Structure formats: structure tokens, C-alpha cells
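final-v3.txt follows (compact mmCIF, C-alpha atoms):
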```txt
# COMPACT_ATOMS: atom_id res chain seq x y z
CA MET A 1 -6.74 -25.25 -8.43
CA LYS A 2 -2.99 -25.37 -8.84
CA LEU A 3 -1.63 -24.49 -12.23
CA THR A 4 0.20 -27.77 -12.86
CA MET A 5 0.49 -30.03 -15.88
CA GLN A 6 -2.59 -31.88 -14.60
CA SER A 7 -4.62 -28.75 -14.02
CA LEU A 8 -3.67 -27.31 -17.40
CA SER A 9 -5.54 -30.20 -19.00
CA GLU A 10 -8.60 -29.52 -16.82
CA ALA A 11 -8.54 -25.74 -16.72
CA ARG A 12 -10.60 -24.59 -19.65
CA TRP A 13 -10.74 -21.24 -17.96
CA LEU A 14 -7.35 -20.61 -19.55
CA ARG A 15 -9.28 -20.21 -22.78
CA LYS A 16 -11.39 -17.16 -23.25
CA ALA A 17 -14.32 -15.66 -25.11
CA ALA A 18 -16.10 -17.97 -27.49
CA ALA A 19 -15.59 -16.00 -30.67
CA MET A 20 -12.21 -14.72 -29.66
CA LEU A 21 -10.22 -17.48 -28.09
CA ASN A 22 -12.17 -20.54 -27.06
CA ARG A 23 -10.87 -22.55 -29.99
CA ARG A 24 -12.47 -25.86 -29.26
CA ASN A 25 -10.18 -27.74 -31.59
CA LEU A 26 -7.29 -27.06 -29.24
CA ALA A 27 -6.90 -27.97 -25.58
CA VAL A 28 -4.97 -26.87 -22.54
CA ALA A 29 -1.84 -28.94 -21.75
CA ALA A 30 -2.49 -32.53 -22.81
CA THR A 31 -5.73 -31.19 -24.20
CA ALA A 32 -4.51 -27.61 -23.89
CA ALA A 33 -3.47 -25.83 -27.00
CA LEU A 34 -5.34 -22.79 -28.06
CA LEU A 35 -2.52 -20.94 -29.63
CA ALA A 36 -0.41 -21.97 -32.57
CA GLY A 37 1.38 -18.73 -33.34
CA CYS A 38 2.69 -18.05 -36.79
CA GLN A 39 5.80 -16.59 -35.19
CA VAL A 40 5.98 -17.90 -31.68
CA ILE A 41 8.86 -15.82 -30.31
CA PRO A 42 9.47 -12.99 -32.76
CA LYS A 43 13.18 -12.64 -33.45
CA THR A 44 13.54 -9.16 -32.14
CA GLU A 45 16.27 -7.69 -30.00
CA THR A 46 14.00 -7.64 -26.99
CA VAL A 47 13.27 -11.36 -26.89
CA ALA A 48 15.87 -14.08 -27.34
CA THR A 49 15.40 -17.80 -26.85
CA VAL A 50 18.39 -19.14 -24.95
CA PRO A 51 19.15 -22.87 -25.02
CA VAL A 52 19.36 -24.39 -21.56
CA PRO A 53 22.49 -26.54 -21.09
CA GLU A 54 22.68 -29.56 -18.84
CA ALA A 55 25.89 -28.49 -17.11
CA THR A 56 26.24 -25.68 -14.60
CA PRO A 57 25.66 -22.59 -16.77
CA GLU A 58 28.10 -19.81 -17.39
CA PRO A 59 27.23 -16.31 -18.61
CA THR A 60 26.59 -16.19 -22.34
CA PRO A 61 27.92 -12.80 -23.43
CA THR A 62 27.52 -13.60 -27.11
CA ALA A 63 23.78 -14.10 -26.61
CA LEU A 64 23.40 -11.26 -24.12
CA PRO A 65 26.01 -8.56 -24.67
CA THR A 66 26.86 -6.13 -21.92
CA ASP A 67 24.00 -3.67 -21.71
CA SER A 68 24.28 -0.54 -19.62
CA THR A 69 20.95 0.96 -20.63
CA ARG A 70 18.48 -1.90 -20.27
CA HIS A 71 17.30 -4.03 -17.39
CA ARG A 72 17.66 -7.75 -17.90
CA VAL A 73 14.45 -9.65 -17.20
CA ALA A 74 14.00 -13.40 -17.69
CA LEU A 75 10.80 -15.02 -18.92
CA LEU A 76 10.59 -18.67 -17.82
CA VAL A 77 7.91 -20.60 -19.71
CA PRO A 78 7.61 -23.96 -21.51
CA LEU A 79 8.37 -23.70 -25.22
CA SER A 80 8.13 -27.39 -26.05
CA GLY A 81 6.06 -30.26 -24.79
CA SER A 82 2.36 -30.36 -23.97
CA ALA A 83 2.23 -26.89 -22.40
CA ALA A 84 4.31 -25.23 -25.12
CA GLU A 85 1.53 -23.23 -26.73
CA VAL A 86 0.55 -21.69 -23.41
CA GLY A 87 4.16 -20.64 -22.87
CA GLN A 88 4.43 -19.31 -26.39
CA SER A 89 1.30 -17.25 -25.90
CA LEU A 90 2.81 -15.67 -22.78
CA ALA A 91 6.08 -15.02 -24.61
CA ASN A 92 4.30 -13.37 -27.51
CA ALA A 93 2.34 -11.21 -25.07
CA THR A 94 5.51 -9.93 -23.41
CA THR A 95 6.90 -8.97 -26.82
CA MET A 96 3.64 -7.25 -27.66
CA ALA A 97 3.82 -5.21 -24.46
CA LEU A 98 7.32 -4.00 -25.33
CA LEU A 99 6.20 -3.06 -28.84
CA ASP A 100 3.04 -1.33 -27.66
CA THR A 101 4.92 0.79 -25.12
CA ASN A 102 8.01 1.44 -27.28
CA ALA A 103 10.04 0.31 -24.29
CA ASP A 104 13.79 0.63 -24.77
CA ASN A 105 14.91 0.02 -21.20
CA LEU A 106 14.07 -3.69 -20.85
CA ARG A 107 15.67 -6.74 -22.37
CA ILE A 108 13.39 -9.75 -21.92
CA THR A 109 15.05 -13.11 -22.57
CA THR A 110 12.97 -16.27 -22.81
CA TYR A 111 14.17 -19.53 -21.23
CA ASP A 112 12.50 -22.88 -21.92
CA THR A 113 11.44 -24.57 -18.67
CA SER A 114 10.29 -27.71 -20.46
CA ARG A 115 13.97 -28.64 -20.78
CA GLY A 116 14.36 -28.34 -17.01
CA ALA A 117 13.13 -25.50 -14.82
CA ALA A 118 16.20 -25.61 -12.57
CA ALA A 119 18.61 -25.38 -15.50
CA ALA A 120 16.57 -22.59 -17.09
CA ALA A 121 16.61 -20.60 -13.86
CA ARG A 122 20.34 -21.13 -13.32
CA GLN A 123 21.04 -19.93 -16.85
CA ALA A 124 18.83 -16.88 -16.32
CA ILE A 125 20.74 -15.98 -13.17
CA ALA A 126 24.11 -16.61 -14.84
CA ASP A 127 23.09 -14.28 -17.67
CA GLY A 128 22.56 -11.46 -15.18
CA ASN A 129 18.78 -11.22 -15.12
CA LYS A 130 17.48 -9.34 -12.07
CA LEU A 131 13.81 -10.34 -12.28
CA ILE A 132 12.06 -13.55 -13.34
CA LEU A 133 8.63 -13.53 -14.96
CA GLY A 134 7.29 -17.05 -14.46
CA PRO A 135 7.32 -19.95 -14.21
CA LEU A 136 3.94 -21.02 -15.56
CA LEU A 137 3.56 -24.21 -13.53
CA SER A 138 3.49 -24.17 -9.74
CA GLU A 139 5.44 -27.44 -9.65
CA ASN A 140 8.43 -25.60 -11.18
CA VAL A 141 8.57 -22.89 -8.53
CA PRO A 142 10.83 -24.70 -6.01
CA ALA A 143 13.46 -25.36 -8.69
CA VAL A 144 13.36 -21.76 -9.89
CA GLN A 145 13.45 -20.42 -6.37
CA SER A 146 16.48 -22.51 -5.43
CA ALA A 147 18.47 -20.80 -8.17
CA ALA A 148 17.02 -17.32 -7.82
CA ARG A 149 16.92 -16.84 -4.05
CA PRO A 150 20.71 -16.90 -3.46
CA ALA A 151 21.03 -14.19 -6.12
CA SER A 152 18.22 -12.09 -4.56
CA VAL A 153 16.18 -12.34 -7.75
CA PRO A 154 12.39 -12.43 -7.19
CA ALA A 155 9.94 -14.29 -9.42
CA ILE A 156 6.45 -13.25 -10.51
CA ALA A 157 4.76 -16.58 -11.23
CA PHE A 158 1.85 -17.01 -13.63
CA SER A 159 0.29 -19.73 -11.46
CA ASN A 160 -2.85 -19.31 -9.37
CA ASP A 161 -1.60 -21.66 -6.64
CA THR A 162 -1.47 -19.49 -3.54
CA SER A 163 0.59 -22.06 -1.64
CA ILE A 164 3.72 -21.16 -3.64
CA ALA A 165 3.66 -17.49 -2.64
CA SER A 166 6.53 -16.36 -0.43
CA ALA A 167 8.76 -13.38 0.28
CA ASP A 168 10.37 -13.70 -3.16
CA VAL A 169 7.72 -15.52 -5.22
CA PHE A 170 4.68 -13.48 -6.22
CA VAL A 171 1.53 -15.18 -7.53
CA MET A 172 -0.05 -13.28 -10.40
CA GLY A 173 -2.72 -15.74 -11.56
CA HIS A 174 -6.47 -15.33 -11.15
CA ILE A 175 -7.42 -16.79 -7.77
CA PRO A 176 -10.68 -18.81 -7.44
CA GLU A 177 -11.06 -17.74 -3.81
CA GLN A 178 -11.38 -14.11 -4.87
CA SER A 179 -14.02 -14.93 -7.47
CA ILE A 180 -16.14 -16.86 -4.97
CA ARG A 181 -15.80 -14.18 -2.31
CA ARG A 182 -16.92 -11.45 -4.71
CA SER A 183 -19.98 -13.46 -5.78
CA ILE A 184 -20.98 -14.30 -2.21
CA GLU A 185 -20.73 -10.66 -1.20
CA TYR A 186 -22.96 -9.63 -4.11
CA ALA A 187 -25.45 -12.44 -3.48
CA ARG A 188 -25.76 -11.52 0.20
CA ARG A 189 -26.50 -7.91 -0.72
CA ASN A 190 -29.21 -9.15 -3.04
CA GLY A 191 -31.21 -11.49 -0.84
CA SER A 192 -29.29 -14.76 -0.59
CA ASN A 193 -29.32 -16.20 2.93
CA ASN A 194 -29.00 -19.98 2.86
CA PHE A 195 -26.37 -21.59 0.67
CA GLY A 196 -25.74 -25.02 -0.77
CA ALA A 197 -22.70 -26.08 -2.77
CA LEU A 198 -21.57 -28.65 -5.32
CA LEU A 199 -17.84 -29.20 -4.83
CA PRO A 200 -15.50 -31.33 -6.94
CA GLU A 201 -13.09 -33.67 -5.25
CA GLY A 202 -9.50 -32.45 -5.13
CA ASP A 203 -7.65 -29.21 -4.60
CA TYR A 204 -10.04 -26.90 -6.43
CA GLY A 205 -13.03 -28.23 -4.52
CA GLN A 206 -11.29 -27.83 -1.19
CA ARG A 207 -10.20 -24.30 -1.99
CA SER A 208 -13.74 -23.48 -3.08
CA TYR A 209 -15.18 -24.86 0.14
CA SER A 210 -12.78 -22.78 2.22
CA ALA A 211 -13.57 -19.66 0.19
CA LEU A 212 -17.31 -20.23 0.62
CA THR A 213 -17.17 -20.77 4.38
CA ASN A 214 -14.80 -17.85 4.92
CA SER A 215 -17.02 -15.57 2.85
CA LEU A 216 -20.15 -16.58 4.75
CA ARG A 217 -18.33 -15.94 7.99
CA ASP A 218 -17.46 -12.43 6.84
CA TYR A 219 -20.70 -11.49 5.04
CA GLY A 220 -23.23 -13.57 6.92
CA GLY A 221 -25.43 -16.36 5.62
CA ASN A 222 -25.61 -20.07 6.30
CA LEU A 223 -24.12 -23.10 4.58
CA VAL A 224 -26.96 -25.56 4.94
CA ALA A 225 -25.73 -28.40 2.72
CA PHE A 226 -23.04 -29.40 0.25
CA GLU A 227 -22.22 -32.42 -1.87
CA ARG A 228 -18.94 -33.57 -3.38
CA TYR A 229 -18.50 -35.41 -6.67
CA ALA A 230 -15.80 -36.86 -8.91
CA ARG A 231 -14.78 -34.65 -11.80
CA GLY A 232 -14.79 -35.81 -15.38
CA ASN A 233 -18.00 -37.85 -15.35
CA THR A 234 -21.71 -37.44 -14.63
CA SER A 235 -21.43 -37.79 -10.87
CA ILE A 236 -22.23 -34.09 -10.50
CA VAL A 237 -25.79 -34.91 -11.59
CA GLY A 238 -26.18 -37.38 -8.74
CA ALA A 239 -24.65 -34.85 -6.35
CA ALA A 240 -27.17 -32.24 -7.51
CA GLN A 241 -30.04 -34.68 -6.95
CA ARG A 242 -28.83 -35.43 -3.42
CA LEU A 243 -28.46 -31.74 -2.68
CA ARG A 244 -31.98 -31.00 -3.94
CA THR A 245 -33.35 -33.78 -1.75
CA ARG A 246 -31.74 -32.20 1.29
CA GLY A 247 -33.06 -28.72 0.37
CA GLY A 248 -33.18 -25.71 2.66
CA TYR A 249 -31.14 -23.37 0.46
CA ASP A 250 -31.97 -20.43 -1.77
CA THR A 251 -28.54 -20.19 -3.47
CA VAL A 252 -26.11 -22.87 -4.70
CA LEU A 253 -22.44 -22.48 -5.60
CA ILE A 254 -21.35 -24.80 -8.42
CA ALA A 255 -17.57 -24.82 -8.13
CA ASP A 256 -16.77 -26.06 -11.61
CA GLY A 257 -16.72 -25.11 -15.28
CA ALA A 258 -19.68 -24.28 -17.48
CA ARG A 259 -20.23 -27.77 -18.90
CA LEU A 260 -20.74 -29.45 -15.53
CA ALA A 261 -22.67 -26.46 -14.21
CA ILE A 262 -25.14 -26.82 -17.07
CA GLN A 263 -25.54 -30.55 -16.37
CA SER A 264 -26.34 -29.96 -12.71
CA GLY A 265 -28.32 -26.73 -13.02
CA GLY A 266 -31.41 -28.46 -14.34
CA GLU A 267 -31.45 -30.85 -11.38
CA LEU A 268 -31.08 -28.04 -8.86
CA ARG A 269 -34.03 -26.17 -10.34
CA ALA A 270 -36.34 -29.13 -10.86
CA ASP A 271 -39.64 -29.86 -9.12
CA GLY A 272 -40.65 -26.31 -8.30
CA ALA A 273 -37.19 -25.05 -7.39
CA GLU A 274 -36.89 -22.78 -10.42
CA GLY A 275 -36.14 -19.78 -8.23
CA VAL A 276 -32.88 -21.16 -6.85
CA ARG A 277 -30.02 -18.73 -7.47
CA ILE A 278 -26.91 -20.35 -8.94
CA LEU A 279 -23.37 -19.03 -8.48
CA GLY A 280 -20.40 -20.03 -10.61
CA THR A 281 -16.69 -19.27 -10.43
CA GLU A 282 -14.01 -17.70 -12.61
CA LEU A 283 -13.97 -20.97 -14.59
CA TRP A 284 -17.09 -19.74 -16.37
CA SER A 285 -15.31 -16.76 -17.87
CA GLY A 286 -15.40 -16.89 -21.66
CA GLU A 287 -17.55 -20.02 -21.92
CA SER A 288 -19.99 -19.43 -24.77
CA ASN A 289 -22.20 -22.40 -23.92
CA LEU A 290 -23.46 -20.54 -20.85
CA THR A 291 -25.83 -18.56 -23.03
CA ARG A 292 -27.24 -21.64 -24.74
CA ALA A 293 -28.45 -23.39 -21.59
CA GLY A 294 -31.66 -22.41 -19.89
CA SER A 295 -30.74 -24.45 -16.80
CA ILE A 296 -28.41 -21.73 -15.54
CA ASN A 297 -30.13 -18.64 -16.89
CA GLY A 298 -29.79 -15.86 -14.32
CA ALA A 299 -26.72 -17.44 -12.71
CA LEU A 300 -23.97 -15.18 -11.35
CA PHE A 301 -20.18 -15.42 -11.35
CA SER A 302 -17.27 -13.03 -10.85
CA ALA A 303 -14.17 -12.47 -12.99
CA VAL A 304 -11.85 -9.74 -14.19
CA SER A 305 -13.38 -7.36 -16.68
CA ASP A 306 -13.12 -8.23 -20.37
CA GLY A 307 -13.27 -4.63 -21.55
CA ARG A 308 -9.56 -4.31 -22.30
CA PHE A 309 -9.07 -7.95 -23.19
CA ARG A 310 -11.14 -7.69 -26.35
CA ARG A 311 -8.82 -5.00 -27.70
CA PHE A 312 -5.78 -6.98 -26.56
CA SER A 313 -7.02 -10.11 -28.33
CA ASP A 314 -7.68 -8.29 -31.60
CA SER A 315 -4.24 -6.65 -31.53
CA TYR A 316 -2.57 -9.94 -30.68
CA GLU A 317 -4.28 -11.68 -33.59
CA THR A 318 -3.20 -8.95 -35.97
CA ARG A 319 0.43 -9.41 -34.93
CA PHE A 320 0.62 -13.19 -34.56
CA GLY A 321 -2.18 -14.49 -36.77
CA THR A 322 -4.06 -16.35 -34.04
CA LYS A 323 -6.05 -15.72 -30.90
CA PRO A 324 -4.22 -15.65 -27.55
CA TYR A 325 -4.77 -17.78 -24.51
CA ARG A 326 -6.70 -15.89 -21.85
CA ILE A 327 -3.72 -16.29 -19.55
CA ALA A 328 -1.51 -14.38 -22.01
CA THR A 329 -2.63 -11.14 -20.40
CA LEU A 330 -0.55 -12.07 -17.36
CA GLY A 331 2.60 -11.84 -19.48
CA TYR A 332 1.54 -8.51 -20.92
CA ASP A 333 0.62 -7.06 -17.53
CA ALA A 334 3.84 -8.33 -15.95
CA VAL A 335 5.77 -6.24 -18.46
CA LEU A 336 3.64 -3.16 -17.75
CA LEU A 337 4.28 -3.64 -14.04
CA THR A 338 8.03 -3.96 -14.64
CA LEU A 339 8.13 -0.85 -16.82
CA ARG A 340 6.40 1.18 -14.16
CA ILE A 341 8.88 0.10 -11.50
CA ALA A 342 11.77 0.56 -13.92
CA ARG A 343 11.28 4.33 -13.83
CA ASP A 344 13.22 4.39 -10.56
CA TRP A 345 15.26 1.22 -10.96
CA GLN A 346 18.95 1.67 -11.68
CA VAL A 347 20.23 -0.57 -14.46
CA GLY A 348 22.39 -3.37 -13.09
CA SER A 349 21.07 -3.11 -9.53
CA ASP A 350 18.77 -5.57 -7.78
CA PHE A 351 15.09 -5.35 -8.64
CA PRO A 352 13.36 -3.05 -6.08
CA GLN A 353 11.02 -5.73 -4.79
CA ASP A 354 9.38 -3.51 -2.18
CA ARG A 355 7.78 -1.54 -5.01
CA LEU A 356 5.57 -4.56 -5.74
CA TYR A 357 3.69 -3.85 -2.51
CA ASP A 358 2.37 -0.50 -3.71
CA ARG A 359 -1.09 -0.29 -2.14
CA GLY A 360 -2.36 1.76 -5.06
CA GLY A 361 -1.64 -1.24 -7.26
CA PHE A 362 -1.02 -1.50 -10.97
CA LEU A 363 -3.25 -1.27 -14.02
CA GLY A 364 -3.18 -3.86 -16.78
CA VAL A 365 -5.30 -5.53 -19.41
CA ASP A 366 -7.12 -7.39 -16.63
CA GLY A 367 -7.78 -4.19 -14.70
CA PRO A 368 -6.32 -3.08 -11.37
CA PHE A 369 -4.29 -5.49 -9.27
CA ARG A 370 -1.92 -5.28 -6.34
CA PHE A 371 0.20 -7.64 -4.30
CA GLY A 372 -0.41 -8.19 -0.62
CA ARG A 373 2.37 -8.89 1.83
CA ASP A 374 1.52 -12.56 1.31
CA GLY A 375 2.72 -12.25 -2.29
CA ILE A 376 -0.71 -12.93 -3.82
CA ALA A 377 -2.25 -10.62 -6.41
CA GLU A 378 -5.52 -9.06 -5.35
CA ARG A 379 -7.73 -8.21 -8.32
CA ALA A 380 -10.70 -5.97 -8.97
CA LEU A 381 -13.52 -8.24 -10.15
CA GLU A 382 -16.89 -7.61 -11.71
CA VAL A 383 -20.02 -9.67 -11.15
CA ARG A 384 -21.60 -11.07 -14.31
CA GLN A 385 -24.98 -12.63 -14.93
CA VAL A 386 -26.08 -15.13 -17.55
CA SER A 387 -29.04 -13.38 -19.11
CA GLY A 388 -30.71 -15.08 -22.04
CA ASN A 389 -28.28 -15.23 -24.95
CA GLN A 390 -25.65 -13.00 -23.37
CA VAL A 391 -23.51 -12.53 -20.28
CA ILE A 392 -23.75 -9.06 -18.81
CA ALA A 393 -21.94 -7.22 -16.02
CA VAL A 394 -24.37 -6.46 -13.19
CA ASP A 395 -21.85 -5.02 -10.72
CA PRO A 396 -18.73 -3.41 -12.25
CA ALA A 397 -15.23 -3.93 -11.03
CA PRO A 398 -13.65 -1.05 -9.09
CA SER A 399 -11.52 1.14 -11.32
CA SER A 400 -8.79 1.44 -8.69
CA PHE A 401 -7.83 0.54 -5.16
CA GLY A 402 -8.55 2.96 -2.38
CA GLY A 403 -5.03 2.72 -1.01
```
Taking this structure as input, can you express it in the form of C-alpha cells?
Amino acid sequence: MKLTMQSLSEARWLRKAAAMLNRRNLAVAATAALLAGCQVIPKTETVATVPVPEATPEPTPTALPTDSTRHRVALLVPLSGSAAEVGQSLANATTMALLDTNADNLRITTYDTSRGAAAAARQAIADGNKLILGPLLSENVPAVQSAARPASVPAIAFSNDTSIASADVFVMGHIPEQSIRRSIEYARRNGSNNFGALLPEGDYGQRSYSALTNSLRDYGGNLVAFERYARGNTSIVGAAQRLRTRGGYDTVLIADGARLAIQSGGELRADGAEGVRILGTELWSGESNLTRAGSINGALFSAVSDGRFRRFSDSYETRFGTKPYRIATLGYDAVLLTLRIARDWQVGSDFPQDRLYDRGGFLGVDGPFRFGRDGIAERALEVRQVSGNQVIAVDPAPSSFGG
């Protein structure tokens, strides 16, 4: 599922933990606003909001004075429009990371991509930034890259669209393929042999299908049947009925969010099929209604650990007076990553991009992660199970990478 304006409105997985950040009165993008910060971008020295002009930008020394002791890093996120609150949450999280670490060697400047991603990127380059954190939306990557590549400035994007990854664009978002692969591996170790699948039409469904077939190729097992359906209506129920009629499976992947999984789960387990194992995806993470639906009790899904996120969320709320978006951790962790690399990064020089490929990876709020040579973040995921009125971890995430 690409992180675009369209997917922001669909992706409720950007919201997290029922009591902590699934604020149902706000939506993602057109329906996406979970964060209305009391002070969106704190007016500190470390974060400055720079207006993006229409003309070809020139350096703005009055906004960013010559600095011989701090690295200049640009944060490119939307600060107005329908995705503004997501961008503001990321911006607040980067500020929080600087405050938490007492960092005095980074200057992070925020540029508003909603006024034009290309102009924002050109201004960031003109201002002397050597690293870009962002953009949020995959559709903005080409415009950012066109300005950044000639200056040898890499970007660490917050999208989960793997197709935008390249030699100088790194994808930091949570990847559905990794969630599905982790769940299939666990299910195979625990008795699942024959798989069915309910797959939505569109990009997310196709990516889920590829992840499922690739995982079965690597771990064994058979894909005996699958059904596609249109998102946003009750067609998943009909797809579940057709799948149950075909039969022959012991495990079914429902590649969608909790609401549609609950609708279809009862159909999959009807008429003596109560023992069917159900698998979800990372879209289930933080959905409180999972524990209120018997139709998917016992279901499994994989996601990053929430152990550190709970502390992050509480600290964020104390500072900004509201709960963060789940995706805000990407902004926080991007700063931690930058600070680690900055230990051996000379101020004023190009960002040492090769350091991003450290096989030992980096540790953040979302646990260990590392970038492959394909530019995609690999994450350590735990397997969770819906168990009565709670969701519990049944197979913990690795605490580190083996190298």
C-alpha cells in the first residue's frame, strides 16, 4: 500500500493503540487527523519552519545563519492541507528526539511540502541541508529527488512504498510484505499447511498476494484458494463465502484492516470451520475492536513491538498535549539514526550515506531496523495473537540483527 494522499485516507494503521492514539473522531488524510498539537512545531532553535517561495530559491542566511558546529538536516512534511496533522506529528517527534537526547550537533529545519514538494526540496538544498528526512507521501519523492540528487543529498522517506527506493532514497515505513512473511513463517512452524486468502483489489492486495506466494515458496505450504473483493463495502463478506465454499485450507490470510477482518471472520469459521486459523497484517496494529469480536479470536498478525511506543506516546502527550500518530515514531527514529551517524560525520561535508547500510542496524522506538542495499528498511517484528479481550505477543521480535 503506497503512502499517498489516497492511502492516507484508507490507512487506519497510521493510528495506534486504542487508548493511546486511535482517536476515532479524527481520520487519516481526508479522514486522517489524529493529532491536533497544541504547539505543532515548537519555536525552538532546532526546528524552524521555512516558507517555500515560488521562484528558484536562494540561501536564506537570516533564517539559517552560518553554523560550523551543527549538521543541517531538512524535514520535508506537509504542514497544511488534509495531511497536515500527520506531518505535524512527525515534526513534533523530531523535536522531541532532539530534546530527549540533548543533541547540540543537529539543526533540523522543517519545510512544508503541501506548498509544493519540488520547491520545498529546492529550498532545503539552497539552505545547505545535507540530509533530507521525508517526504511523507511517495508521490512527492520524484520531485524531491530531482532537487536533491544533483547535490548528492540522500532522502530517508517515511513512506512504505518500496517502489520508490533507490540508491539515494531510503524507505523507512513499515512494509506489509515483512508483516505477512513473519506471520507465514510462524504459522508454518505451528501446523499451518494449506492457505487461503482474502485480498483487496488494488496495490495493497497485489503486494499482499506477492508476499504470501513468496513466503510459501520459501517456507513451504500451499496456496489452495484466494478471493478478491472491492474495498470500502461489504463485498469482503461475499468473498469469504466463496472462499469457504471452495474450502481445502486450514489457514486464511485476510489482507485488510480489523473492521473488514471482523466482518469476514465469522463467514470463514461458519458451518463447522471454527478451527480455521486466521492471519492478519500490520494494519491490525493498535485496533482495539480486535478484542471485542469473537469471529477472529485466536487470529495472528505481525508488527513492530509496542513496548517502547507506549513510553514514547506518554512522553509526547506530556509535551504536546495530545496523542501522536503511530507513524510519528519514524520521525523520532530518523533523528536517532542521524545522531548515531553524526558521531563520525564532519560538519559541512556530505552525509556519509554508506553508513546507512550498517548490517548491525539501528535501534529506535520501533525496535531494531536496518537498510538493505535496496534502500528498504528491514524491521524486527513480533507475532501477536488476539486472545479474548487482549492482544498478546506469542513470538517476540529479535532484539538485534545477527550481522
Show which residues sit within 7 Å of stretch 177-190 of chain A, as JSON, numbers by chain. Count only C-alpha atoms, and ignore same-chain residues fewer than 2 positions away.
{"A": [175, 192, 193, 207, 208, 211, 212, 215, 219, 281, 282, 301, 302, 303, 383]}
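Here the question is which of A:Gly220, A:Pro78, A:Gly202, A:Gly87 gets nearest to A:Tyr325 using all atoms listed in the file, and that residue is A:Gly87.
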How many Å separate atom CA of A:Ala240 from atom CA of A:Ala293?
16.7 Å
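Residue neighbourhood of stretch 273-276 of chain A, excluding near-sequence residues (fewer than 5 positions): Tyr249, Asp250, Thr251, Val252 and Leu268 of chain A, at 8 Å, using only C-alpha atoms.
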Output file for the selection above: C-alpha atoms, as a PDB file, keeping the file's coordinate frame:
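Dumped everything to result.pdb:
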```pdb
ATOM      1  CA  TYR A 249     -31.140 -23.370   0.460  1.00  0.00           C
ATOM      2  CA  ASP A 250     -31.970 -20.430  -1.770  1.00  0.00           C
ATOM      3  CA  THR A 251     -28.540 -20.190  -3.470  1.00  0.00           C
ATOM      4  CA  VAL A 252     -26.110 -22.870  -4.700  1.00  0.00           C
ATOM      5  CA  LEU A 268     -31.080 -28.040  -8.860  1.00  0.00           C
TER       6      LEU A 268
END
```
Pick out the residues sitting within 10 Å of A:Thr113, and hand them over as number ranges by chain; count all atoms listed in the file, and ignore anything fewer than 6 positions along from it in its own chain.
A: 52, 75-81, 84, 87, 119-121, 134-137, 140, 144
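If you measure from each of A:Leu356, A:Val141, A:Ala258, A:Val335 to A:Thr94 using only C-alpha atoms, the closest one turns out to be A:Val335.
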Pick out the closest residue to A:Leu283 from this set: A:Tyr204, A:Phe312, A:Phe320, A:Trp345. Count only C-alpha atoms.
A:Tyr204
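Atom CA of A:Asp374 sits 24.7 Å away from atom CA of A:Arg343.
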Need to verify the contact set: A:Asn102, 12 Å, all atoms listed in the file, exclusion of same-chain residues closer than 3 positions in sequence. Can you return it as a ChimeraX atom specification?
/A:46,95-99,105-106,335-336,339
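The smallest atom-to-atom distance between A:Tyr332 and any of A:Asp112, A:Asp100, A:Glu378, A:Asp314, using all atoms listed in the file, is found for A:Asp100.
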If you take all atoms listed in the file and a cut-off of 12 Å, which residues of stretch 296-317 of chain A touch stretch 368-371 of chain A, and what are their nearest atom pairs and distances in Å to one decimal, in chain and number order, as a Markdown table?
```
| residue | atom | partner | partner_atom | distance |
| --- | --- | --- | --- | --- |
| A:Val304 | CA | A:Pro368 | CA | 9.1 |
| A:Ser305 | CA | A:Pro368 | CA | 9.8 |
| A:Arg308 | CA | A:Pro368 | CA | 11.5 |
```
Those same residues, written as a compact mmCIF listing (two decimals), in the frame of the given file with C-alpha atoms?
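And here's again-v2.txt as it stands now:
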```txt
# COMPACT_ATOMS: atom_id res chain seq x y z
CA VAL A 304 -11.85 -9.74 -14.19
CA SER A 305 -13.38 -7.36 -16.68
CA ARG A 308 -9.56 -4.31 -22.30
```
Point (-31.1, -24.3, 2.9) neighbourhood (10 Å, only C-alpha atoms) written as a ChimeraX atom specification
/A:193-196,222-226,243-244,246-252
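Across the model, the gap from atom CA of A:Leu253 to atom CA of A:Arg384 is 14.4 Å.
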